[in-house]
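Student: Encoded as structure tokens, here's the structure I'll be asking about.
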Amino acid sequence: MPTPWTNTLTVDGERLWSALMAMAEIGPGIAGGCNRQALTDADREGRDLFVAWARDAGCTIAIDQVGNIFARRAGRDPDAAPVLSGSHLDTQPAGGRFDGVYGVLAGLEVVRTLNDRGIDTLRPIEIACWTNEEGSRFAPAMLGSGVASGVYDMDFAYSRTDKEGATFGDELERIGYRGDTPAAPRPLAAVFEAHIEQGPILEHEGDTIGIVTGIQGAYWFDVILDGQSCHAGPTPMEMRRDPWRAAAAIITECLAIADRNAPHGRCTIGDMKVEPGSRNTVPGRLTFPIDIRHPDMARLDMMVAELKSFVAATCSLWRIDHRVEQIWRMPATTFDPGLVDMIADAATTLGYSNRPIVSGAGHDSLHTAQFAPTAMIFVPCADGLSHNEAESATQSDLAAGASVLLHAMLKAASA
Ligand SMILES: [Zn+2]
């Protein structure tokens with residue numbers, strides 16, 4: 001049977017936009033965005049709406065033990081591993097209308113387009129809504145996809161608590177989304193995730209599609225520098241053990257390390273604690289975090305080694321005691337080259353300007369990449385803003401990303 005899809009097939013951008021706007025009315029924010037945090041009543045309402053839409057589109061629904069929803073459109077071979085498009089419906093407390101929800105509803109729009117055209121696929125197609133991606137109510141982030149990918153165990157997920165002491169397990173039960181499908185890795189032929197970029201690069205470069213090649217690796221450190229606190233007046237400069245001498249040099253070097261590893265290197269010093277914290281006292285202790293990132297793990301490890309040896313040398317020069325404590329390590333993710341090519345081919349065939357890009361933020365795809373071929377599609381967002389109620393994207397860019405998703409999924413589902 002000839003395949004009734006062509007190189008120019010696109011999704012219905014207006015239908016996608018109305019679905020996004022309808023979902024945004026659930027758990028509205030106070031400034032035009034959304035507050036639909038994980039496992040709240042608003043989350044339940046958003047899930048119910050998605051499930052109703054997916055059933056109307058002919059999908060069967062499975063819910064796993066941590067509330068991940070899988071809407072499945074049958075393929076010609078029911079035993080073939082499915083091709084999945086997934087993201088999340090939960091938002092930050094002051095979140096936008098597109099972060100996560102775009103990936104879910106772009107997947108739904110793909111299914112609706114296939115239905116309109118009477119296109120069947122060899123492999124089943126699935127749309128996933130992963131539970132608690134944001135991590136703002138229950139830490140850590142990307143919890144649902146983490147359990148389904150074998151990164152976290154279920155009891156760990158169930159025992160997470162929010163600020164009021166409510167547990168993930170109880171709240172999941174309460175909203176009626178504790179399913180019985182095992183939350184565990186299973187055969188998936190391909191996993192795609194369409195997402196807004198959440199950064200400024202595509203908009204700045206005037207590109208419509210970001211072909212995401214991977215997710216940055218990151219380390220978080222706390223640096224603790226101990227000197228000697230003393231009076232700001234009587235103590236001559238050369239007789240002080242002022243931790244600022246070391247801190248100033250370390251911070252400058254930290255930024256220089258990122259610059260030397262441009263364009264992908266990142267170093268951020270997001271806080272500073274000065275003790276005892278008095279304007280006429282040389283501080284005894286400075287404590288600050290360093291967030292350091294690069295998509296190439298070998299390069300990132302080198303950046304970290306440079307930083308640590310600089311800290312040691314500088315502190316010894318200024319007679320400062322130091323500790324560098326590792327708080328977190330997120331390994332870099334490299335997406336599947338075959339899927340990355342499918343996305344690039346689709347974008348080029350459809351005539352959308354595109355560029356390779358590395359994700360600076362974590363996504364559920366970071367987890368699925370542990371057990372299944374995975375890749376992501378980015379579209380621009382206004383001023384690079386996300387995790388902000390003002391988050392915005394254009395109907396035409398969102399449609400373009402969903403059309404690229406459509407072609408990539410069709411390709412992956414055809415063999
Ligand atoms: Zn997201």
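Just remember, in the structure tokens the first chain shown is A, the second B, etc., residues are 1-based per chain, and ligands are 1-based in the order shown.
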Name each residue within 8 Å of ligand 1, counting only C-alpha atoms and all ligand atoms, as an MDAnalysis selection string.

Tutor: chainID A and resid 87:88 91 99:101 133:134 195:196 362:364

Student: Find the nearest atom pair between each residue of stretch 338-387 of chain A and stretch 291-311 of chain A for residues within 12 Å, count only C-alpha atoms, give distances in Å to one decimal, sort rows by chain and ascending number, and present the table as CSV.

Tutor:
```
residue,atom,partner,partner_atom,distance
A:Ile357,CA,A:Pro295,CA,10.3
A:Val358,CA,A:Pro295,CA,7.0
A:Ser359,CA,A:Pro295,CA,8.4
A:Gly360,CA,A:Arg293,CA,8.4
A:Ala361,CA,A:Arg293,CA,10.5
A:Gly362,CA,A:Pro295,CA,11.7
```

Student: Enumerate, as a PyMOL selection string, the complete set of residues in stretch 22-230 of chain A that a backbone-based DSSP assignment places in helix (DSSP H, G or I).

Tutor: chain A and resi 22-24+41-56+101-117+143-148+154-158+168-174+201-205

Student: I'd like the contact shell of A:Tyr152 - 12 Å cut-off, only C-alpha atoms, skipping same-chain residues fewer than 6 positions apart - returned as a ChimeraX atom specification.

Tutor: /A:66,140-146,158-160,183-185,367

Student: From the set A:Glu203, A:Asp116, A:Asp222, A:Asp336, which residue has the shortest atom-to-atom contact distance to A:Thr374, counting only C-alpha atoms?

Tutor: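 Of A:Glu203, A:Asp116, A:Asp222, A:Asp336, the one nearest A:Thr374, counting only C-alpha atoms, is A:Asp336.
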
Student: Would you please extract all strand (DSSP E) residues from stretch 55-115 of chain A, as assigned by DSSP on the backbone, and give them as a PyMOL selection string?

Tutor: chain A and resi 60-63+69-73+83-87

Student: For N, CA and C atoms, I'd like the residues from the last selection saved as an mmCIF file, in the first residue's frame.

Tutor:
```cif
data_model
loop_
_atom_site.group_PDB
_atom_site.id
_atom_site.type_symbol
_atom_site.label_atom_id
_atom_site.label_comp_id
_atom_site.auth_asym_id
_atom_site.auth_seq_id
_atom_site.Cartn_x
_atom_site.Cartn_y
_atom_site.Cartn_z
ATOM 1 N N THR A 60 -5.893 4.612 22.930
ATOM 2 C CA THR A 60 -6.143 3.910 24.183
ATOM 3 C C THR A 60 -5.200 4.517 25.227
ATOM 4 N N ILE A 61 -5.650 4.480 26.492
ATOM 5 C CA ILE A 61 -4.895 5.162 27.551
ATOM 6 C C ILE A 61 -4.336 4.149 28.540
ATOM 7 N N ALA A 62 -3.060 4.298 28.877
ATOM 8 C CA ALA A 62 -2.474 3.511 29.972
ATOM 9 C C ALA A 62 -1.864 4.492 30.964
ATOM 10 N N ILE A 63 -2.031 4.183 32.255
ATOM 11 C CA ILE A 63 -1.448 5.045 33.293
ATOM 12 C C ILE A 63 -0.546 4.172 34.149
ATOM 13 N N ILE A 69 1.098 9.181 31.854
ATOM 14 C CA ILE A 69 -0.004 8.792 30.968
ATOM 15 C C ILE A 69 0.568 8.467 29.585
ATOM 16 N N PHE A 70 0.140 7.341 29.026
ATOM 17 C CA PHE A 70 0.539 6.975 27.662
ATOM 18 C C PHE A 70 -0.709 6.810 26.813
ATOM 19 N N ALA A 71 -0.875 7.687 25.812
ATOM 20 C CA ALA A 71 -2.004 7.594 24.880
ATOM 21 C C ALA A 71 -1.475 6.943 23.610
ATOM 22 N N ARG A 72 -2.077 5.839 23.212
ATOM 23 C CA ARG A 72 -1.509 5.030 22.132
ATOM 24 C C ARG A 72 -2.416 4.955 20.916
ATOM 25 N N ARG A 73 -1.851 5.265 19.758
ATOM 26 C CA ARG A 73 -2.547 5.085 18.475
ATOM 27 C C ARG A 73 -1.973 3.821 17.855
ATOM 28 N N VAL A 83 6.749 4.361 18.738
ATOM 29 C CA VAL A 83 7.465 5.635 18.637
ATOM 30 C C VAL A 83 6.708 6.607 19.526
ATOM 31 N N LEU A 84 7.425 7.241 20.435
ATOM 32 C CA LEU A 84 6.761 8.032 21.477
ATOM 33 C C LEU A 84 7.151 9.508 21.390
ATOM 34 N N SER A 85 6.170 10.372 21.660
ATOM 35 C CA SER A 85 6.447 11.801 21.815
ATOM 36 C C SER A 85 5.964 12.197 23.196
ATOM 37 N N GLY A 86 6.858 12.698 24.028
ATOM 38 C CA GLY A 86 6.410 12.985 25.390
ATOM 39 C C GLY A 86 6.969 14.272 25.943
ATOM 40 N N SER A 87 6.224 14.833 26.900
ATOM 41 C CA SER A 87 6.700 15.969 27.685
ATOM 42 C C SER A 87 5.772 16.055 28.901
#
```

Student: One number please: atom CA of A:Cys267 to atom CA of A:Cys254, in Å, one decimal.

Tutor: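 Computed distance, atom CA of A:Cys267 to atom CA of A:Cys254, equals 6.3 Å.
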
Student: Let me make sure I understand: among A:Val282, A:Met23, A:Val340, A:Ile224, which one has the smallest atom-to-atom distance to A:Ile250 if we use only C-alpha atoms?

Tutor: A:Ile224

Student: Can you pull out the residues contacting A:Phe98? Cut-off 10 Å, using only C-alpha atoms, and skip same-chain residues under 3 positions away; I want them as a list in words.

Tutor: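 Final neighbour list, sorted by chain and number: Leu20, Met21, Met23, Ala24, Gly33, Cys34, Leu89, Thr91, Gly95, Val101, Tyr102, Gly103, Val104, Leu105, His195, Ile196, Gln198, Cys381, Ser386, His387, Glu389, Glu391, Ser392, Ala393 and Leu398 of chain A.
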
Student: Between atom CA of A:Pro380 and atom CA of A:Leu406, what distance in Å does the model show, to one decimal?

Tutor: 18.1 Å

Student: So that I can check the surroundings of A:Ile26, please list as an MDAnalysis selection string every protein, DNA and RNA residue that reaches within 8 Å of it, counting only C-alpha atoms and ignoring chain neighbours fewer than 5 positions away.

Tutor: chainID A and resid 34 36 42 45:46

Student: Counting only C-alpha atoms, figure out which residue out of A:Gly118, A:Gly284, A:Gly401, A:Gly58 gets nearest to A:Arg240.

Tutor: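 Residue with the minimum atom-to-atom distance to A:Arg240: A:Gly284.
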